[in-house]
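Peer 1: Once you've had a glance at the structure underneath, I'll fire off some questions.
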Amino acid sequence: MITVNLYYTGINGNARKFAEEMENSGTADKIRAEKGNVRYEYFFPMNDAETVLLIDAWENQEAIDEHHKTPMMGKIMELREKYDLHMKVERFVSEDLPSEDEGFIRK
């Protein structure tokens with residue numbers, strides 16, 4: 001699995017407005033329904049009111065590549081411009097949890 005953390009930053013609450021429009025327009029749900037999407041969720045950092053974190057996870061690179069060809073990408077890019085957002089991106093490839101870590105996880 002590949003997880004991409006996207007930090008959207010703007011001014012005057014624009015990052016949050018972007019996330020709200022993504023959700024209210026149904027675009028986020030369409031992305032969640034795409035083949036290979038594992039997670040698509042927005043979060044709001046407590047110490048930065050002008051940033052929104054999107055955690056976007058996919059089964060593999062092929063699923064990401066297909067997502068990038070969809071009409072939703074055009075909508076996302078349009079909204080990024082509308083709200084004048086800037087981005088920071090982090091990318092992670094998942095691995096199995098080491099058994100030594102199990103003792104630190106409360107289930």
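All residue names refer to the structure tokens as shown: chains lettered A, B, ... in order, residues numbered from 1 in each chain, ligands numbered from 1 in order.
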Ile2 (chain A): which residues within 9 Å, counting only C-alpha atoms, same-chain residues fewer than 3 positions away excluded, as a list in words?
Peer 2: Asp56, Ala57, Trp58, Glu59, Asn60, Gln61, Ile64, Arg91, Phe92, Val93 and Ser94 of chain A
Peer 1: Enumerate as a PyMOL selection string all residues of chain A assigned to strand (DSSP E or B) by DSSP on the backbone, naming them with the chain letters and numbers the document uses.
Peer 2: chain A and resi 2-9+37-43+51-58+86-93
Peer 1: Restricting the output to N, CA and C atoms, write the selected residues as a CSV table (one decimal), in the first residue's frame.
Peer 2:
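The resulting result07.csv:
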chain,number,residue,atom,x,y,z
A,2,ILE,N,0.4,2.3,-0.7
A,2,ILE,CA,1.1,3.5,-0.7
A,2,ILE,C,0.2,4.6,-0.1
A,3,THR,N,0.8,5.3,0.9
A,3,THR,CA,0.0,6.4,1.5
A,3,THR,C,0.7,7.7,1.2
A,4,VAL,N,-0.1,8.7,0.8
A,4,VAL,CA,0.4,10.0,0.5
A,4,VAL,C,-0.3,11.0,1.5
A,5,ASN,N,0.5,11.7,2.2
A,5,ASN,CA,0.0,12.8,3.1
A,5,ASN,C,0.1,14.1,2.3
A,6,LEU,N,-1.0,14.7,2.0
A,6,LEU,CA,-0.9,16.0,1.3
A,6,LEU,C,-1.4,17.1,2.3
A,7,TYR,N,-0.5,18.1,2.5
A,7,TYR,CA,-0.8,19.2,3.4
A,7,TYR,C,-1.2,20.4,2.5
A,8,TYR,N,-2.4,20.8,2.5
A,8,TYR,CA,-2.9,21.9,1.8
A,8,TYR,C,-2.9,23.1,2.7
A,9,THR,N,-2.3,24.2,2.3
A,9,THR,CA,-2.2,25.4,3.1
A,9,THR,C,-2.6,26.6,2.3
A,37,ASN,N,-8.5,2.5,-4.2
A,37,ASN,CA,-8.4,3.5,-3.1
A,37,ASN,C,-8.7,2.8,-1.8
A,38,VAL,N,-7.8,3.0,-0.9
A,38,VAL,CA,-7.9,2.4,0.5
A,38,VAL,C,-8.4,3.4,1.5
A,39,ARG,N,-8.0,4.7,1.3
A,39,ARG,CA,-8.3,5.7,2.3
A,39,ARG,C,-8.3,7.1,1.6
A,40,TYR,N,-9.2,7.9,2.0
A,40,TYR,CA,-9.2,9.3,1.5
A,40,TYR,C,-9.9,10.1,2.6
A,41,GLU,N,-9.2,10.7,3.5
A,41,GLU,CA,-9.7,11.4,4.6
A,41,GLU,C,-9.0,12.7,4.9
A,42,TYR,N,-9.8,13.8,5.2
A,42,TYR,CA,-9.2,15.1,5.6
A,42,TYR,C,-9.2,15.2,7.1
A,43,PHE,N,-8.1,15.9,7.6
A,43,PHE,CA,-7.9,16.1,9.0
A,43,PHE,C,-7.4,17.6,9.2
A,51,THR,N,-4.1,25.0,7.6
A,51,THR,CA,-3.7,23.8,6.9
A,51,THR,C,-4.7,22.7,7.0
A,52,VAL,N,-4.9,21.9,6.0
A,52,VAL,CA,-5.7,20.7,6.0
A,52,VAL,C,-4.8,19.5,5.6
A,53,LEU,N,-4.8,18.4,6.3
A,53,LEU,CA,-4.1,17.2,5.9
A,53,LEU,C,-5.0,16.2,5.3
A,54,LEU,N,-4.6,15.8,4.1
A,54,LEU,CA,-5.4,14.7,3.4
A,54,LEU,C,-4.5,13.5,3.5
A,55,ILE,N,-5.1,12.4,4.0
A,55,ILE,CA,-4.4,11.1,4.0
A,55,ILE,C,-5.1,10.3,2.9
A,56,ASP,N,-4.3,10.0,1.9
A,56,ASP,CA,-4.7,9.4,0.6
A,56,ASP,C,-3.9,8.1,0.4
A,57,ALA,N,-4.6,6.9,0.5
A,57,ALA,CA,-3.9,5.7,0.4
A,57,ALA,C,-4.4,4.8,-0.7
A,58,TRP,N,-3.5,4.1,-1.4
A,58,TRP,CA,-3.8,3.3,-2.6
A,58,TRP,C,-3.2,2.0,-2.5
A,86,HIS,N,-1.4,25.9,-1.5
A,86,HIS,CA,0.0,25.4,-1.7
A,86,HIS,C,0.1,24.1,-1.0
A,87,MET,N,1.0,23.3,-1.4
A,87,MET,CA,1.0,21.9,-1.0
A,87,MET,C,2.4,21.4,-0.5
A,88,LYS,N,2.4,20.6,0.5
A,88,LYS,CA,3.6,19.8,0.9
A,88,LYS,C,3.1,18.3,0.8
A,89,VAL,N,4.0,17.5,0.3
A,89,VAL,CA,3.6,16.1,0.1
A,89,VAL,C,4.6,15.1,0.7
A,90,GLU,N,4.1,14.1,1.4
A,90,GLU,CA,4.9,13.0,2.0
A,90,GLU,C,4.3,11.7,1.4
A,91,ARG,N,5.2,10.8,1.1
A,91,ARG,CA,4.8,9.5,0.5
A,91,ARG,C,5.4,8.4,1.3
A,92,PHE,N,4.6,7.4,1.7
A,92,PHE,CA,5.1,6.2,2.5
A,92,PHE,C,4.6,4.9,1.8
A,93,VAL,N,5.5,3.9,1.9
A,93,VAL,CA,5.1,2.6,1.4
A,93,VAL,C,5.0,1.8,2.7
Peer 1: CA of Met73 (chain A) and CA of Met1 (chain A) are how many Å apart?
Peer 2: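 We find that CA of Met73 (chain A) and CA of Met1 (chain A) lie 20.3 Å from each other.
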Peer 1: As an exercise, work out the distance from CA of Lys30 (chain A) to CA of Asp84 (chain A) in Å and give it to one decimal place.
Peer 2: 22.9 Å
